[in-house]
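Asker: This is start.pdb (PDB, C-alpha atoms, pLDDT in the B column).
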ATOM      1  CA  GLY V  48      28.807   8.753  -2.267  1.00 63.00           C
ATOM      2  CA  CYS V  49      29.090   8.414  -6.042  1.00 87.00           C
ATOM      3  CA  GLY V  50      29.442  12.122  -6.813  1.00 88.00           C
ATOM      4  CA  GLU V  51      33.206  12.069  -7.331  1.00 92.00           C
ATOM      5  CA  THR V  52      32.998   9.063  -9.647  1.00 93.00           C
ATOM      6  CA  ALA V  53      30.107  10.579 -11.590  1.00 93.00           C
ATOM      7  CA  ALA V  54      31.983  13.871 -11.979  1.00 94.00           C
ATOM      8  CA  GLU V  55      35.122  12.084 -13.153  1.00 94.00           C
ATOM      9  CA  LEU V  56      33.177  10.045 -15.715  1.00 94.00           C
ATOM     10  CA  MET V  57      31.263  13.069 -17.006  1.00 94.00           C
ATOM     11  CA  ARG V  58      34.432  15.149 -17.294  1.00 94.00           C
ATOM     12  CA  SER V  59      36.055  12.294 -19.274  1.00 94.00           C
ATOM     13  CA  ALA V  60      33.027  12.058 -21.544  1.00 92.00           C
ATOM     14  CA  LEU V  61      32.937  15.811 -22.171  1.00 93.00           C
ATOM     15  CA  ALA V  62      36.670  15.781 -22.963  1.00 91.00           C
ATOM     16  CA  LEU V  63      35.855  13.595 -25.964  1.00 90.00           C
ATOM     17  CA  TRP V  64      33.935  16.490 -27.541  1.00 87.00           C
ATOM     18  CA  LYS V  65      36.146  17.918 -30.273  1.00 84.00           C
ATOM     19  CA  GLY V  66      34.799  21.046 -31.958  1.00 80.00           C
ATOM     20  CA  PRO V  67      31.404  21.661 -33.538  1.00 80.00           C
ATOM     21  CA  ALA V  68      29.170  18.616 -33.928  1.00 80.00           C
ATOM     22  CA  LEU V  69      28.695  17.310 -37.445  1.00 81.00           C
ATOM     23  CA  SER V  70      31.276  19.709 -38.879  1.00 80.00           C
ATOM     24  CA  GLY V  71      31.853  18.996 -42.536  1.00 79.00           C
ATOM     25  CA  ALA V  72      28.470  17.330 -42.950  1.00 82.00           C
ATOM     26  CA  SER V  73      25.874  18.854 -45.237  1.00 82.00           C
ATOM     27  CA  ALA V  74      22.219  17.886 -45.332  1.00 83.00           C
ATOM     28  CA  ASP V  75      18.900  19.374 -44.257  1.00 83.00           C
ATOM     29  CA  PHE V  76      19.049  17.655 -40.880  1.00 84.00           C
ATOM     30  CA  VAL V  77      22.565  18.835 -39.978  1.00 85.00           C
ATOM     31  CA  GLU V  78      21.826  22.242 -38.430  1.00 85.00           C
ATOM     32  CA  PRO V  79      18.902  21.105 -36.221  1.00 89.00           C
ATOM     33  CA  SER V  80      20.909  18.051 -35.176  1.00 89.00           C
ATOM     34  CA  ARG V  81      24.000  20.162 -34.445  1.00 87.00           C
ATOM     35  CA  LEU V  82      21.938  22.538 -32.292  1.00 90.00           C
ATOM     36  CA  HIS V  83      20.363  19.601 -30.449  1.00 92.00           C
ATOM     37  CA  LEU V  84      23.744  18.032 -29.716  1.00 91.00           C
ATOM     38  CA  GLU V  85      25.180  21.367 -28.550  1.00 91.00           C
ATOM     39  CA  GLU V  86      22.209  21.832 -26.201  1.00 95.00           C
ATOM     40  CA  LYS V  87      22.767  18.347 -24.764  1.00 95.00           C
ATOM     41  CA  ARG V  88      26.484  19.085 -24.288  1.00 93.00           C
ATOM     42  CA  LEU V  89      25.750  22.344 -22.457  1.00 96.00           C
ATOM     43  CA  ALA V  90      23.200  20.581 -20.244  1.00 96.00           C
ATOM     44  CA  ASP V  91      25.906  18.036 -19.371  1.00 96.00           C
ATOM     45  CA  VAL V  92      28.365  20.867 -18.622  1.00 97.00           C
ATOM     46  CA  GLU V  93      25.776  22.388 -16.252  1.00 97.00           C
ATOM     47  CA  TRP V  94      25.134  19.010 -14.626  1.00 97.00           C
ATOM     48  CA  LEU V  95      28.864  18.472 -14.114  1.00 97.00           C
ATOM     49  CA  ALA V  96      29.279  21.963 -12.649  1.00 97.00           C
ATOM     50  CA  GLU V  97      26.428  21.252 -10.237  1.00 96.00           C
ATOM     51  CA  LEU V  98      28.113  18.016  -9.165  1.00 95.00           C
ATOM     52  CA  GLU V  99      31.490  19.677  -8.707  1.00 96.00           C
ATOM     53  CA  LEU V 100      29.992  22.589  -6.772  1.00 96.00           C
ATOM     54  CA  GLY V 101      28.401  20.019  -4.474  1.00 93.00           C
ATOM     55  CA  LEU V 102      31.771  18.368  -3.983  1.00 94.00           C
ATOM     56  CA  GLY V 103      33.447  21.649  -3.042  1.00 94.00           C
ATOM     57  CA  GLY V 104      35.249  22.269  -6.339  1.00 95.00           C
ATOM     58  CA  HIS V 105      34.215  25.924  -6.602  1.00 96.00           C
ATOM     59  CA  HIS V 106      37.757  27.338  -6.941  1.00 96.00           C
ATOM     60  CA  GLU V 107      38.609  25.057  -9.848  1.00 96.00           C
ATOM     61  CA  LEU V 108      35.322  25.781 -11.657  1.00 97.00           C
ATOM     62  CA  ILE V 109      35.698  29.549 -11.912  1.00 98.00           C
ATOM     63  CA  PRO V 110      37.826  29.713 -15.101  1.00 98.00           C
ATOM     64  CA  GLU V 111      35.705  27.156 -16.938  1.00 97.00           C
ATOM     65  CA  LEU V 112      32.393  28.677 -15.893  1.00 98.00           C
ATOM     66  CA  THR V 113      33.668  32.166 -16.775  1.00 98.00           C
ATOM     67  CA  LYS V 114      34.435  30.911 -20.286  1.00 98.00           C
ATOM     68  CA  TYR V 115      31.032  29.258 -20.670  1.00 97.00           C
ATOM     69  CA  VAL V 116      29.136  32.321 -19.408  1.00 98.00           C
ATOM     70  CA  ALA V 117      31.034  34.495 -21.899  1.00 98.00           C
ATOM     71  CA  GLU V 118      30.184  32.081 -24.724  1.00 96.00           C
ATOM     72  CA  HIS V 119      26.551  31.577 -23.637  1.00 96.00           C
ATOM     73  CA  PRO V 120      25.487  34.750 -21.784  1.00 97.00           C
ATOM     74  CA  LEU V 121      21.784  33.828 -21.823  1.00 97.00           C
ATOM     75  CA  ARG V 122      22.203  30.526 -19.952  1.00 97.00           C
ATOM     76  CA  GLU V 123      21.153  31.537 -16.461  1.00 97.00           C
ATOM     77  CA  ARG V 124      22.052  28.208 -14.864  1.00 97.00           C
ATOM     78  CA  LEU V 125      25.687  28.648 -15.897  1.00 98.00           C
ATOM     79  CA  ARG V 126      25.576  32.244 -14.629  1.00 98.00           C
ATOM     80  CA  ALA V 127      24.128  31.088 -11.290  1.00 98.00           C
ATOM     81  CA  GLN V 128      26.775  28.392 -10.966  1.00 98.00           C
ATOM     82  CA  LEU V 129      29.536  30.934 -11.618  1.00 98.00           C
ATOM     83  CA  MET V 130      28.033  33.260  -9.012  1.00 98.00           C
ATOM     84  CA  ILE V 131      27.998  30.449  -6.443  1.00 98.00           C
ATOM     85  CA  ALA V 132      31.581  29.431  -7.272  1.00 98.00           C
ATOM     86  CA  LEU V 133      32.746  33.038  -6.876  1.00 98.00           C
ATOM     87  CA  TYR V 134      30.773  33.536  -3.664  1.00 98.00           C
ATOM     88  CA  ARG V 135      32.164  30.338  -2.126  1.00 97.00           C
ATOM     89  CA  SER V 136      35.652  31.501  -3.079  1.00 97.00           C
ATOM     90  CA  GLY V 137      35.196  34.688  -1.033  1.00 97.00           C
ATOM     91  CA  ARG V 138      34.532  36.836  -4.103  1.00 97.00           C
ATOM     92  CA  GLN V 139      31.098  38.227  -3.243  1.00 98.00           C
ATOM     93  CA  PRO V 140      31.457  41.494  -5.251  1.00 98.00           C
ATOM     94  CA  GLU V 141      32.443  39.544  -8.367  1.00 98.00           C
ATOM     95  CA  ALA V 142      29.473  37.217  -7.918  1.00 98.00           C
ATOM     96  CA  LEU V 143      27.175  40.244  -7.819  1.00 98.00           C
ATOM     97  CA  ALA V 144      28.912  41.723 -10.875  1.00 98.00           C
ATOM     98  CA  ILE V 145      28.114  38.536 -12.820  1.00 98.00           C
ATOM     99  CA  ALA V 146      24.444  39.007 -11.949  1.00 98.00           C
ATOM    100  CA  HIS V 147      24.583  42.673 -12.934  1.00 98.00           C
ATOM    101  CA  GLU V 148      26.160  41.750 -16.275  1.00 98.00           C
ATOM    102  CA  GLY V 149      23.390  39.186 -16.878  1.00 98.00           C
ATOM    103  CA  ARG V 150      20.725  41.750 -16.054  1.00 98.00           C
ATOM    104  CA  LYS V 151      22.318  44.176 -18.527  1.00 98.00           C
ATOM    105  CA  VAL V 152      22.488  41.552 -21.322  1.00 97.00           C
ATOM    106  CA  LEU V 153      18.843  40.620 -20.820  1.00 97.00           C
ATOM    107  CA  ALA V 154      17.594  44.202 -20.537  1.00 97.00           C
ATOM    108  CA  GLU V 155      19.508  45.595 -23.509  1.00 97.00           C
ATOM    109  CA  GLY V 156      18.998  42.644 -25.816  1.00 96.00           C
ATOM    110  CA  TYR V 157      15.512  41.476 -24.906  1.00 97.00           C
ATOM    111  CA  GLY V 158      13.853  43.944 -22.542  1.00 97.00           C
ATOM    112  CA  LEU V 159      13.853  41.280 -19.823  1.00 97.00           C
ATOM    113  CA  ASP V 160      15.012  41.051 -16.224  1.00 96.00           C
ATOM    114  CA  LEU V 161      16.740  38.219 -14.391  1.00 96.00           C
ATOM    115  CA  SER V 162      14.706  35.125 -13.639  1.00 96.00           C
ATOM    116  CA  PRO V 163      13.243  34.799 -10.133  1.00 97.00           C
ATOM    117  CA  ARG V 164      15.888  32.139  -9.421  1.00 96.00           C
ATOM    118  CA  LEU V 165      18.753  34.531 -10.195  1.00 97.00           C
ATOM    119  CA  ARG V 166      17.110  37.417  -8.337  1.00 98.00           C
ATOM    120  CA  ASP V 167      16.788  35.126  -5.302  1.00 98.00           C
ATOM    121  CA  LEU V 168      20.439  34.139  -5.671  1.00 98.00           C
ATOM    122  CA  VAL V 169      21.479  37.813  -5.716  1.00 98.00           C
ATOM    123  CA  GLN V 170      19.568  38.348  -2.472  1.00 98.00           C
ATOM    124  CA  ALA V 171      21.137  35.235  -0.933  1.00 98.00           C
ATOM    125  CA  VAL V 172      24.630  36.495  -1.859  1.00 98.00           C
ATOM    126  CA  LEU V 173      23.851  39.913  -0.373  1.00 98.00           C
ATOM    127  CA  ARG V 174      22.598  38.276   2.853  1.00 98.00           C
ATOM    128  CA  GLN V 175      25.514  35.820   2.876  1.00 97.00           C
ATOM    129  CA  ASP V 176      22.922  33.092   3.242  1.00 97.00           C
ATOM    130  CA  ALA V 177      24.401  29.962   4.831  1.00 95.00           C
ATOM    131  CA  ARG V 178      22.487  27.815   2.313  1.00 94.00           C
ATOM    132  CA  LEU V 179      25.040  28.924  -0.315  1.00 95.00           C
ATOM    133  CA  ASP V 180      27.858  27.297   1.619  1.00 93.00           C
ATOM    134  CA  VAL V 181      29.136  23.983   0.292  1.00 82.00           C
ATOM    135  CA  ALA V 182      28.379  22.119   3.529  1.00 67.00           C
ATOM    136  CA  HIS V 183      24.680  22.785   2.927  1.00 54.00           C
ATOM    137  CA  HIS V 184      24.683  21.326  -0.574  1.00 51.00           C
ATOM    138  CA  PRO V 185      22.922  17.916  -0.728  1.00 52.00           C
ATOM    139  CA  ASP V 186      25.746  16.273  -2.748  1.00 50.00           C
ATOM    140  CA  HIS V 187      28.549  17.406  -0.442  1.00 51.00           C
ATOM    141  CA  PRO V 188      30.129  14.472   1.421  1.00 49.00           C
ATOM    142  CA  ARG V 189      29.815  15.045   5.141  1.00 38.00           C
TER     143      ARG V 189
END
For this file, produce the structure as structure tokens.

Answerer:
Amino acid sequence: GCGETAAELMRSALALWKGPALSGASADFVEPSRLHLEEKRLADVEWLAELELGLGGHHELIPELTKYVAEHPLRERLRAQLMIALYRSGRQPEALAIAHEGRKVLAEGYGLDLSPRLRDLVQAVLRQDARLDVAHHPDHPR
């Protein structure tokens, strides 16, 4: 029952982030610290998206998740969240296109394929698996 409050607080906290961390600072520790802070911020973005997907906010998430996937094409959790948001918005072909794009990025850049989690998600989208529906998400208020 605290999902909406948690999402609101996290969104407010993330709104405080203004540009690159430690910009203007120069020391040996700056770059590793900047990367660490950016990783933490992206993990919080993913956590917030998970919360909002669970609360049924898939329509509103699509633009933001599209931007994050474009900026961070190797982050499969963001890609999966965008696929789910698109699928729940009745945009199954676009959800599959996001997976195809991820497969292409991984294959061309690294000789890799999608993770088992994303391959399973592709199959669930193709089957129109009811577990992808918001009512089946554990955080969705019933």

Asker: Selection in question (the file shown): the PyMOL selection byres ((chain V and resi 100-113) around 8). Which residues does it include, as a PDB file with C-alpha atoms, in the frame of the given file?

Answerer:
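Result file follows (out-v3.pdb):
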ATOM      1  CA  GLY V  50      29.442  12.122  -6.813  1.00 88.00           C
ATOM      2  CA  GLU V  51      33.206  12.069  -7.331  1.00 92.00           C
ATOM      3  CA  ALA V  96      29.279  21.963 -12.649  1.00 97.00           C
ATOM      4  CA  GLU V  97      26.428  21.252 -10.237  1.00 96.00           C
ATOM      5  CA  LEU V  98      28.113  18.016  -9.165  1.00 95.00           C
ATOM      6  CA  GLU V  99      31.490  19.677  -8.707  1.00 96.00           C
ATOM      7  CA  LYS V 114      34.435  30.911 -20.286  1.00 98.00           C
ATOM      8  CA  TYR V 115      31.032  29.258 -20.670  1.00 97.00           C
ATOM      9  CA  VAL V 116      29.136  32.321 -19.408  1.00 98.00           C
ATOM     10  CA  ALA V 117      31.034  34.495 -21.899  1.00 98.00           C
ATOM     11  CA  LEU V 125      25.687  28.648 -15.897  1.00 98.00           C
ATOM     12  CA  ARG V 126      25.576  32.244 -14.629  1.00 98.00           C
ATOM     13  CA  GLN V 128      26.775  28.392 -10.966  1.00 98.00           C
ATOM     14  CA  LEU V 129      29.536  30.934 -11.618  1.00 98.00           C
ATOM     15  CA  ILE V 131      27.998  30.449  -6.443  1.00 98.00           C
ATOM     16  CA  ALA V 132      31.581  29.431  -7.272  1.00 98.00           C
ATOM     17  CA  LEU V 133      32.746  33.038  -6.876  1.00 98.00           C
ATOM     18  CA  ARG V 135      32.164  30.338  -2.126  1.00 97.00           C
ATOM     19  CA  SER V 136      35.652  31.501  -3.079  1.00 97.00           C
ATOM     20  CA  VAL V 181      29.136  23.983   0.292  1.00 82.00           C
ATOM     21  CA  HIS V 184      24.683  21.326  -0.574  1.00 51.00           C
ATOM     22  CA  PRO V 185      22.922  17.916  -0.728  1.00 52.00           C
ATOM     23  CA  ASP V 186      25.746  16.273  -2.748  1.00 50.00           C
ATOM     24  CA  HIS V 187      28.549  17.406  -0.442  1.00 51.00           C
ATOM     25  CA  PRO V 188      30.129  14.472   1.421  1.00 49.00           C
TER      26      PRO V 188
END

Asker: Enter the distance from atom CA of V:Ala142 to atom CA of V:Trp64, in Å, rounded to one decimal.

Answerer: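 Taking atom CA of V:Ala142 and atom CA of V:Trp64, their separation equals 28.9 Å.
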
Asker: Given only C-alpha atoms as the basis, pick out the residue of V:Ala146, V:Cys49, V:Val152, V:Leu56 nearest to V:Asp91.

Answerer: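 For V:Asp91, the nearest of the candidates is V:Leu56.
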
Asker: Can you tell me how far atom CA of V:Ala177 sits from atom CA of V:Ala127, in Å to one decimal?

Answerer: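 Going from atom CA of V:Ala177 over to atom CA of V:Ala127, I get 16.2 Å.
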
Asker: Written as a list in words, which residues does the PyMOL selection byres ((chain V and resi 165) around 10) give for the file shown?

Answerer: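 In the shown coordinates, the PyMOL selection byres ((chain V and resi 165) around 10) covers Glu123, Arg124, Arg126, Ala127, Met130, Ala146, Gly149, Arg150, Asp160, Leu161, Ser162, Pro163, Arg164, Arg166, Asp167, Leu168, Val169, Gln170 and Ala171 of chain V.
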
Asker: Could you write out that same residue set with C-alpha atoms as a short mmCIF file (atom, residue, chain, number, x, y, z; two decimals), in the frame of the given file?

Answerer:
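Wrote it out as result26.cif, contents follow:
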data_model
loop_
_atom_site.label_atom_id
_atom_site.label_comp_id
_atom_site.auth_asym_id
_atom_site.auth_seq_id
_atom_site.Cartn_x
_atom_site.Cartn_y
_atom_site.Cartn_z
CA GLU V 123 21.15 31.54 -16.46
CA ARG V 124 22.05 28.21 -14.86
CA ARG V 126 25.58 32.24 -14.63
CA ALA V 127 24.13 31.09 -11.29
CA MET V 130 28.03 33.26 -9.01
CA ALA V 146 24.44 39.01 -11.95
CA GLY V 149 23.39 39.19 -16.88
CA ARG V 150 20.72 41.75 -16.05
CA ASP V 160 15.01 41.05 -16.22
CA LEU V 161 16.74 38.22 -14.39
CA SER V 162 14.71 35.12 -13.64
CA PRO V 163 13.24 34.80 -10.13
CA ARG V 164 15.89 32.14 -9.42
CA ARG V 166 17.11 37.42 -8.34
CA ASP V 167 16.79 35.13 -5.30
CA LEU V 168 20.44 34.14 -5.67
CA VAL V 169 21.48 37.81 -5.72
CA GLN V 170 19.57 38.35 -2.47
CA ALA V 171 21.14 35.24 -0.93
#

Asker: How far is it from atom CA of V:Glu148 to atom CA of V:Tyr134, in Å with one decimal?

Answerer: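 About the pair atom CA of V:Glu148 and atom CA of V:Tyr134: they are 15.7 Å apart.
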
Asker: Can you turn the PyMOL selection byres ((chain V and resi 61) around 12) into a concrete residue list for this file, as number ranges by chain?

Answerer: V: 54-60, 62-66, 85, 87-96

Asker: Using the file's own x, y and z axes, what box holds all listed atoms of stretch 90-107 of chain V with 4 Å on each side, keeping edges along x, y and z, and what are its centre and edge lengths in Å to one decimal, as JSON?

Answerer:
{"center_x": 30.9, "center_y": 22.7, "center_z": -11.6, "size_x": 23.4, "size_y": 17.3, "size_z": 25.2}
